[in-house]
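Structure record follows, encoded as structure tokens.
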Amino acid sequence: MNPAINAGMAPVATPGFFYVLAGLAVASGVAVITRRNAVHAALALIVTLLSVAGLYLMLYAPFVFAVQLFVYAGGIMLLFLFVIMLVNIERSSKERRFNRMWPVALAASCALMVLFLSAFVKGRTLFPDRLMPLPESSNTQQIAGMLYGEAGRMGQYTFAFEIASLLLLVAILGAVIMTKKKI
Amino acid sequence: MVPITTFHYLVVAAALFVLGVIGVLTRRNVVIVLMSIELILNAVNLNLVAFSRMWGNLNGQVFSIFVTVDAAAEAAVGLGILIAFFRNRETINVDEIDLLKW
Amino acid sequence: MLNQFMSYLGSNVTPGSANNQLWALIYVLIIFAGVSVAVMAMNWLERKALAHFQIRLGPMRVGPHGLLQPFADALKLMLKEDIIPAEADQFVFWVAPLIGLLASFTVYTVIPFGPSQAVSDMNIGILFMLGVSSLGVLGIVVAGWASNSHYPLIGALRSSAQMVSYEVAMGLAVVSAILMTSMKTGTGTLSMLGIVEAQQEQGIWFIFKFFPLGLIAFVIFAIAMIAETNRAPFDMAEAESELTAGYHTEYSGLRWSLFMLAEYAAMIAVSSIAVTLWLGGWMRPFPNLLHAPAWDFIFSLFPGITFGGLAAIAFIGTARMPAHSFFKVQRIGLAVFAALLGFLALLLLVIAVAGRSADTSLAARFNEGIGYVYWFVLKVAVFMYLFIWYRATWPRYRFDQLMKIGWKVMLPISLGVLMVTAIVGVLVS
């Protein structure tokens with residue numbers, strides 16, 4: 001393989017890409033919570049998920065990028081679109097969008113945002129200034145080592161991995177049984 | 001221009017989190033509430049991966065993979081509950097889903 | 001910018017690895033143009049080949065032997081009236097073909113036409129390809145819903161259910177091929193260039209490795225990729241006699257041509273995955289067995305000979321055209337086309353001869369590059385012809401039969417192949 005890949009690829013126009021992706025993510029996030037039509041909101045959520053996937057690529061996490069594409073954008077959003085088509089009733093697009101408590105909710109969320117920002121700004125001295133150098137072997141290989149265990153020694157997350165597969169099995173069974181008309 | 005630090009990613013994640021919280025608290029369509037929950041989970045994932053990059057440790061990325069798997073399972077089960085409820089009550093309005101027994 | 005242009009000319013890595021944006025952009029434009037030309041050629045080939053399978057001639061009027069038919073079709077589709085159904089959701093109706101097109105074309109950034117002839121070599125190339133092609137399903141679902149009509153909705157739901165089911169079997173077949181990349185070095189790779197280089201190192205195409213495991217995995221992928229692209233015999237969701245064209249019923253003119261473009265581009269993309277994973281990518285046949293420079297030279301003559309053969313067929317076609325004044329323009333057109341093909345063949349033969357001995361001269365590098373791209377495109381073209389052959393030969397599956405095959409036959413077999421490949425791999429090494 002080309003050695004240039006792992007030896008710290010010099011990023012190109014990083015601030016530009018970051019601001020575009022971050023702006024797109026936040027703008028689509030606003031569209032998700034404000035659209036009246038559920039399909040429009042789902043499409044906006046797809047755009048958000050893809051922008052966040054792009055941000056993962058910028059953070060040198062290609063495997064998480066692939067997982068996000070596969071699971072979120074390609075799987076969960078398809079599920080959402082199917083369900084929206086199933087439960088789409090005309091009445092819902094003519095009702096009020098927001099419930100009666102929306103001023104309180106908005107105020108509380110703004111307070112939450114202010115809390116977050118103050119925590120980040122005050123704690124800025126805790127973050128190291130420089131980003132750590134990239135590891136030598138490929139990202140996928142290292143994640144596989146942690147999940148499955150490297151040669152001769154159990155990985156840290158092998159047990160959690162097995163439990164996650166059981167969780168998925170339970171979720172599949174639950175979803176199938178709940179949506180069957182006659183069990 | 002200012003070089004992009006971890007702080008920038010944390011701000012984006014916080015914005016997405018707050019947007020998701022507003023969606024959960026204010027919208028009346030159940031499907032959109034579930035989508036806002038997905039927004040919240042994505043914000044958490046972004047936070048995890050940003051910190052993982054900062055410390056050079058892959059624990060954050062592995063944790064975010066598990067969060068994604070969890071989100072998939074929860075979306076499936078949540079939408080299943082929604083469909084089962086819709087079949088009985090013909091409504092997807094959160095305000096009308098307020099009785100435990102009808 | 002000139003600096004960026006010149007600095008890449010001598011390198012042997014992809015523009016992505018060399019961090020060269022200008023050349024990456026140039027490669028993207030070349031791929032765009034190439035895929036568009038390939039889709040038009042595929043359209044022509046489909047109509048002619050289907051016709052000949054059904055013992056008729058196909059388009060013969062528009063150009064000599066219908067060669068200009070795709071251009072006429074494209075012109076007609078662009079000039080057609082753009083009809084949007086009355087109650088349809090305007091924005092979503094407009095955006096749906098674009099999603100499918102985006103998903104189909106983004107895949108081309110990681111397809112390796114040669115060891116340095118790819119736009120970029122991502123570490124997770126194959127995952128990226130599978131993930132992005134799963135985004136195409138969203139375009140179909142949204143298109144069916146936005147048309148606000150029964151047939152498109154049912155067609156879209158069926159089509160997307162089918163694509164999602166066969167994606168699982170496809171992914172498992174791909175994983176068993178990726179397992180084989182780790183047999184020699186102990187470290188596997190997900191990058192597309194790495195997979196072909198692993199086949200080169202191990203000296204065997206993965207379709208023949210651990211016979212018959214590689215073959216079964218390849219067959220499963222070949223069947224799943226036909227179902228992924230909604231082609232016969234899995235085209236229940238868009239066949240005219242079943243559902244009045246399924247999810248693209250309400251689309252007319254340019255929008256429909258975008259769907260068609262996305263479908264053909266997806267066909268070429270999944271065929272490229274199959275070629276890269278199992279058929280050795282850009283490698284010529286027998287690179288290790290027949291290693292002498294004489295064999296290299298003989299195999300490097302193949303591009304020229306292929307185009308020479310095509311030119312000869314075109315010349316014979318010109319000679320066999322009726323000598324009537326009605327056919328004068330077509331005769332001249334076909335003769336010009338044959339002359340162009342012959343000129344291209346001559347050029348390729350000259351490059352092959354001039355670049356045979358030296359290693360670093362310009363002709364030798366051109367020769368190598370042309371060889372890589374030629375073998376890759378040849379293998380993909382075989383797959384394209386197989387797509388058309390399947391459509392002409394086999395009847396369509398009923399939808400419940402289709403889903404039964406996807407879940408009850410393909411998934412267990414691909415799981416079995418994966419497990420046996422893993423066990424055999426551990427035992428061998």
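All residue names refer to the structure tokens as shown: chains lettered A, B, ... in order, residues numbered from 1 in each chain, ligands numbered from 1 in order.
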
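Near chain B, within 6 Å and counting only C-alpha atoms, the residues of chain A are Ile33, Phe98, Asn99, Trp102, Ser109, Leu131, Met132, Leu168, Ala171, Ala175, Met178 and Thr179 of chain A.
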
Serialized selection, N, CA, C and O atoms, as a compact mmCIF listing (two decimals), in the first residue's frame:
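Saved as again.txt:
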```txt
# COMPACT_ATOMS: atom_id res chain seq x y z
N ILE A 33 -35.92 19.91 12.96
CA ILE A 33 -36.90 20.16 14.02
C ILE A 33 -37.93 21.18 13.64
O ILE A 33 -38.88 21.41 14.39
N PHE A 98 -45.68 22.77 16.83
CA PHE A 98 -45.06 22.76 18.15
C PHE A 98 -46.14 22.71 19.22
O PHE A 98 -47.22 23.26 19.05
N ASN A 99 -45.82 22.09 20.34
CA ASN A 99 -46.84 22.01 21.40
C ASN A 99 -46.87 23.30 22.19
O ASN A 99 -46.11 24.25 21.93
N TRP A 102 -43.70 25.43 24.02
CA TRP A 102 -42.48 25.70 23.28
C TRP A 102 -41.66 26.87 23.82
O TRP A 102 -40.44 26.80 23.77
N SER A 109 -33.55 25.07 26.64
CA SER A 109 -32.50 24.60 25.75
C SER A 109 -31.42 25.66 25.56
O SER A 109 -30.24 25.34 25.48
N LEU A 131 -2.67 18.42 18.67
CA LEU A 131 -3.34 17.13 18.50
C LEU A 131 -2.30 16.03 18.49
O LEU A 131 -1.20 16.21 18.02
N MET A 132 -2.68 14.88 19.00
CA MET A 132 -1.75 13.76 19.08
C MET A 132 -1.37 13.26 17.69
O MET A 132 -2.17 13.36 16.77
N LEU A 168 -28.81 -6.57 19.53
CA LEU A 168 -29.42 -6.45 18.21
C LEU A 168 -30.42 -7.57 17.97
O LEU A 168 -31.48 -7.36 17.38
N ALA A 171 -33.52 -6.70 19.77
CA ALA A 171 -34.24 -5.61 19.10
C ALA A 171 -34.98 -6.11 17.88
O ALA A 171 -36.12 -5.71 17.61
N ALA A 175 -38.96 -5.85 17.53
CA ALA A 175 -39.60 -5.08 16.46
C ALA A 175 -40.53 -5.98 15.64
O ALA A 175 -41.64 -5.57 15.28
N MET A 178 -43.70 -6.84 17.75
CA MET A 178 -44.61 -5.74 18.01
C MET A 178 -45.39 -5.34 16.78
O MET A 178 -46.49 -4.82 16.88
N THR A 179 -44.81 -5.54 15.60
CA THR A 179 -45.51 -5.05 14.42
C THR A 179 -46.30 -6.13 13.71
O THR A 179 -46.94 -5.84 12.72
```

**Report entry** Residue contacts of Asn12 (chain C) (10 Å, only C-alpha atoms) excluding same-chain residues fewer than 4 positions away, as a ChimeraX atom specification
**Finding:** /A:2 /C:8,17-18,115-117,365

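Taking CA of Ser133 (chain C) as the reference point, CA of Ile178 (chain C) is found at 18.2 Å.
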
Query raised in the report: Rounded to one decimal in Å, what is the spacing between CA of Ile370 (chain C) and CA of Met267 (chain C)?
Result: 23.0 Å

Counting only C-alpha atoms, what are the residues of region 32-77 of chain A within 10 Å of region 14-20 of chain A, and for each of them which pair of atoms is the nearest and at what distance in Å, to one decimal? Sort the table by chain and rising number, as JSON lines.
```
{"residue": "A:Ser51", "atom": "CA", "partner": "A:Val20", "partner_atom": "CA", "distance": 8.8}
{"residue": "A:Gly54", "atom": "CA", "partner": "A:Phe18", "partner_atom": "CA", "distance": 8.7}
{"residue": "A:Leu55", "atom": "CA", "partner": "A:Phe18", "partner_atom": "CA", "distance": 7.0}
{"residue": "A:Met58", "atom": "CA", "partner": "A:Phe18", "partner_atom": "CA", "distance": 7.7}
```

Next, dump the selected residues to file, keeping only N, CA and C atoms, as a PDB file, in the first residue's frame.
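Produced file result_38.pdb, reproduced below:
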```pdb
ATOM      1  N   SER A  51     -23.157  15.013   6.874  1.00  0.00           N
ATOM      2  CA  SER A  51     -22.174  16.037   7.266  1.00  0.00           C
ATOM      3  C   SER A  51     -21.389  15.609   8.489  1.00  0.00           C
ATOM      4  N   GLY A  54     -18.810  13.340   7.400  1.00  0.00           N
ATOM      5  CA  GLY A  54     -17.670  14.073   6.877  1.00  0.00           C
ATOM      6  C   GLY A  54     -16.782  14.609   7.994  1.00  0.00           C
ATOM      7  N   LEU A  55     -17.405  15.057   9.092  1.00  0.00           N
ATOM      8  CA  LEU A  55     -16.606  15.547  10.214  1.00  0.00           C
ATOM      9  C   LEU A  55     -15.787  14.413  10.829  1.00  0.00           C
ATOM     10  N   MET A  58     -12.720  14.079   8.897  1.00  0.00           N
ATOM     11  CA  MET A  58     -11.750  15.112   9.235  1.00  0.00           C
ATOM     12  C   MET A  58     -11.033  14.797  10.538  1.00  0.00           C
TER      13      MET A  58
END
```

Query raised in the report: For chain A, which of C:Leu9, C:Ala311, C:Leu127, C:Val420 is the closest residue, counting only C-alpha atoms?
Result: C:Leu127

Query raised in the report: Any idea which chain C residues end up within 8 Å of chain A if we count only C-alpha atoms, as a ChimeraX atom specification please?
Result: /C:13,17-19,92,123-124,127-128,130-132,134-135,137-138,141-142,145,157,193-194

Query raised in the report: DSSP on the backbone: what in chain B comes out alpha helix (DSSP H), as a PyMOL selection string?
Result: chain B and resi 6-26+30-55+59-89

At a cut-off of 12 Å, using only C-alpha atoms, what residues contact Ile332 (chain C)? Leave out same-chain residues fewer than 2 positions from it and give the result as a tab-separated table (two decimals) with all heavy atoms, in the first residue's frame.
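Wrote out-v8.tsv, looks like this:
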```tsv
chain	number	residue	atom	x	y	z
C	63	GLY	N	-28.13	5.96	-37.00
C	63	GLY	CA	-26.79	6.10	-37.57
C	63	GLY	C	-26.53	4.80	-38.26
C	63	GLY	O	-27.41	3.96	-38.34
C	64	PRO	N	-25.35	4.56	-38.77
C	64	PRO	CA	-25.09	3.24	-39.34
C	64	PRO	C	-25.22	2.19	-38.24
C	64	PRO	O	-24.55	2.30	-37.21
C	64	PRO	CB	-23.66	3.34	-39.85
C	64	PRO	CG	-23.10	4.52	-39.18
C	64	PRO	CD	-24.20	5.46	-38.89
C	314	ALA	N	-16.22	-3.12	-38.44
C	314	ALA	CA	-16.90	-1.95	-39.01
C	314	ALA	C	-16.66	-1.86	-40.51
C	314	ALA	O	-17.57	-1.52	-41.28
C	314	ALA	CB	-16.42	-0.68	-38.31
C	315	PHE	N	-15.44	-2.19	-40.96
C	315	PHE	CA	-15.16	-2.16	-42.41
C	315	PHE	C	-16.00	-3.18	-43.14
C	315	PHE	O	-16.53	-2.93	-44.22
C	315	PHE	CB	-13.67	-2.40	-42.66
C	315	PHE	CG	-12.87	-1.16	-42.68
C	315	PHE	CD1	-11.77	-1.01	-41.84
C	315	PHE	CD2	-13.19	-0.11	-43.53
C	315	PHE	CE1	-11.03	0.15	-41.85
C	315	PHE	CE2	-12.45	1.05	-43.53
C	315	PHE	CZ	-11.37	1.19	-42.68
C	317	GLY	N	-18.85	-4.29	-42.18
C	317	GLY	CA	-20.21	-3.77	-42.20
C	317	GLY	C	-20.40	-2.76	-43.31
C	317	GLY	O	-21.45	-2.73	-43.97
C	318	THR	N	-19.37	-1.93	-43.53
C	318	THR	CA	-19.48	-0.97	-44.62
C	318	THR	C	-19.57	-1.67	-45.96
C	318	THR	O	-20.35	-1.30	-46.83
C	318	THR	CB	-18.22	-0.07	-44.65
C	318	THR	OG1	-17.90	0.31	-43.34
C	318	THR	CG2	-18.47	1.14	-45.49
C	319	ALA	N	-18.75	-2.72	-46.10
C	319	ALA	CA	-18.74	-3.42	-47.39
C	319	ALA	C	-20.07	-4.12	-47.64
C	319	ALA	O	-20.52	-4.23	-48.77
C	319	ALA	CB	-17.60	-4.43	-47.43
C	321	MET	N	-23.04	-3.19	-46.70
C	321	MET	CA	-24.23	-2.36	-46.79
C	321	MET	C	-24.73	-2.33	-48.22
C	321	MET	O	-23.92	-2.34	-49.14
C	321	MET	CB	-23.89	-0.94	-46.33
C	321	MET	CG	-24.67	-0.56	-45.13
C	321	MET	SD	-24.32	1.09	-44.65
C	321	MET	CE	-24.25	0.88	-42.93
C	323	ALA	N	-25.75	-1.30	-51.83
C	323	ALA	CA	-25.17	-0.23	-52.63
C	323	ALA	C	-26.26	0.63	-53.24
C	323	ALA	O	-26.32	0.85	-54.43
C	323	ALA	CB	-24.29	-0.83	-53.72
C	325	SER	N	-28.54	4.30	-53.22
C	325	SER	CA	-28.25	5.71	-52.93
C	325	SER	C	-28.82	6.15	-51.60
C	325	SER	O	-28.35	7.10	-51.00
C	325	SER	CB	-28.80	6.60	-54.04
C	325	SER	OG	-30.21	6.51	-54.04
C	326	PHE	N	-29.84	5.41	-51.09
C	326	PHE	CA	-30.39	5.77	-49.79
C	326	PHE	C	-29.37	5.56	-48.67
C	326	PHE	O	-29.43	6.20	-47.65
C	326	PHE	CB	-31.63	4.92	-49.45
C	326	PHE	CG	-32.86	5.34	-50.20
C	326	PHE	CD1	-33.98	4.52	-50.23
C	326	PHE	CD2	-32.91	6.54	-50.89
C	326	PHE	CE1	-35.11	4.89	-50.92
C	326	PHE	CE2	-34.03	6.91	-51.59
C	326	PHE	CZ	-35.14	6.08	-51.60
C	327	PHE	N	-28.46	4.62	-48.89
C	327	PHE	CA	-27.54	4.27	-47.81
C	327	PHE	C	-26.21	4.98	-47.93
C	327	PHE	O	-25.26	4.65	-47.23
C	327	PHE	CB	-27.29	2.75	-47.83
C	327	PHE	CG	-28.46	1.96	-47.37
C	327	PHE	CD1	-29.35	1.42	-48.29
C	327	PHE	CD2	-28.70	1.77	-46.03
C	327	PHE	CE1	-30.43	0.70	-47.87
C	327	PHE	CE2	-29.77	1.04	-45.61
C	327	PHE	CZ	-30.65	0.50	-46.53
C	328	LYS	N	-26.12	5.99	-48.82
C	328	LYS	CA	-24.81	6.59	-49.06
C	328	LYS	C	-24.26	7.24	-47.80
C	328	LYS	O	-23.12	7.00	-47.40
C	328	LYS	CB	-24.92	7.62	-50.19
C	328	LYS	CG	-23.58	8.04	-50.72
C	328	LYS	CD	-23.71	8.64	-52.08
C	328	LYS	CE	-24.18	10.08	-51.91
C	328	LYS	NZ	-23.65	10.96	-52.94
C	329	VAL	N	-25.13	8.00	-47.12
C	329	VAL	CA	-24.63	8.73	-45.94
C	329	VAL	C	-24.23	7.75	-44.85
C	329	VAL	O	-23.20	7.90	-44.18
C	329	VAL	CB	-25.73	9.69	-45.42
C	329	VAL	CG1	-25.27	10.35	-44.15
C	329	VAL	CG2	-26.05	10.71	-46.47
C	330	GLN	N	-25.04	6.68	-44.69
C	330	GLN	CA	-24.70	5.72	-43.65
C	330	GLN	C	-23.41	5.00	-43.96
C	330	GLN	O	-22.60	4.73	-43.07
C	330	GLN	CB	-25.83	4.69	-43.51
C	330	GLN	CG	-27.02	5.23	-42.77
C	330	GLN	CD	-27.86	4.14	-42.16
C	330	GLN	OE1	-27.54	2.96	-42.27
C	330	GLN	NE2	-28.92	4.53	-41.50
C	334	LEU	N	-20.24	5.03	-41.52
C	334	LEU	CA	-19.65	3.82	-40.95
C	334	LEU	C	-18.19	3.70	-41.36
C	334	LEU	O	-17.34	3.26	-40.58
C	334	LEU	CB	-20.44	2.60	-41.41
C	334	LEU	CG	-20.12	1.32	-40.62
C	334	LEU	CD1	-20.35	1.53	-39.15
C	334	LEU	CD2	-20.96	0.19	-41.13
C	335	ALA	N	-17.88	4.12	-42.59
C	335	ALA	CA	-16.48	4.07	-43.03
C	335	ALA	C	-15.62	5.01	-42.20
C	335	ALA	O	-14.50	4.66	-41.80
C	335	ALA	CB	-16.39	4.41	-44.52
C	336	VAL	N	-16.17	6.20	-41.89
C	336	VAL	CA	-15.41	7.14	-41.06
C	336	VAL	C	-15.19	6.56	-39.67
C	336	VAL	O	-14.10	6.62	-39.09
C	336	VAL	CB	-16.15	8.49	-40.99
C	336	VAL	CG1	-15.59	9.34	-39.88
C	336	VAL	CG2	-16.05	9.21	-42.31
C	337	PHE	N	-16.25	5.94	-39.11
C	337	PHE	CA	-16.13	5.33	-37.78
C	337	PHE	C	-15.09	4.23	-37.79
C	337	PHE	O	-14.25	4.11	-36.89
C	337	PHE	CB	-17.51	4.78	-37.39
C	337	PHE	CG	-17.59	4.27	-35.98
C	337	PHE	CD1	-17.40	5.11	-34.91
C	337	PHE	CD2	-17.85	2.94	-35.73
C	337	PHE	CE1	-17.47	4.65	-33.63
C	337	PHE	CE2	-17.92	2.47	-34.45
C	337	PHE	CZ	-17.74	3.32	-33.39
C	338	ALA	N	-15.12	3.40	-38.86
C	338	ALA	CA	-14.13	2.33	-38.96
C	338	ALA	C	-12.73	2.90	-39.06
C	338	ALA	O	-11.78	2.37	-38.47
C	338	ALA	CB	-14.45	1.45	-40.17
C	339	ALA	N	-12.60	4.00	-39.81
C	339	ALA	CA	-11.27	4.61	-39.95
C	339	ALA	C	-10.78	5.14	-38.61
C	339	ALA	O	-9.60	5.00	-38.26
C	339	ALA	CB	-11.33	5.74	-40.98
```
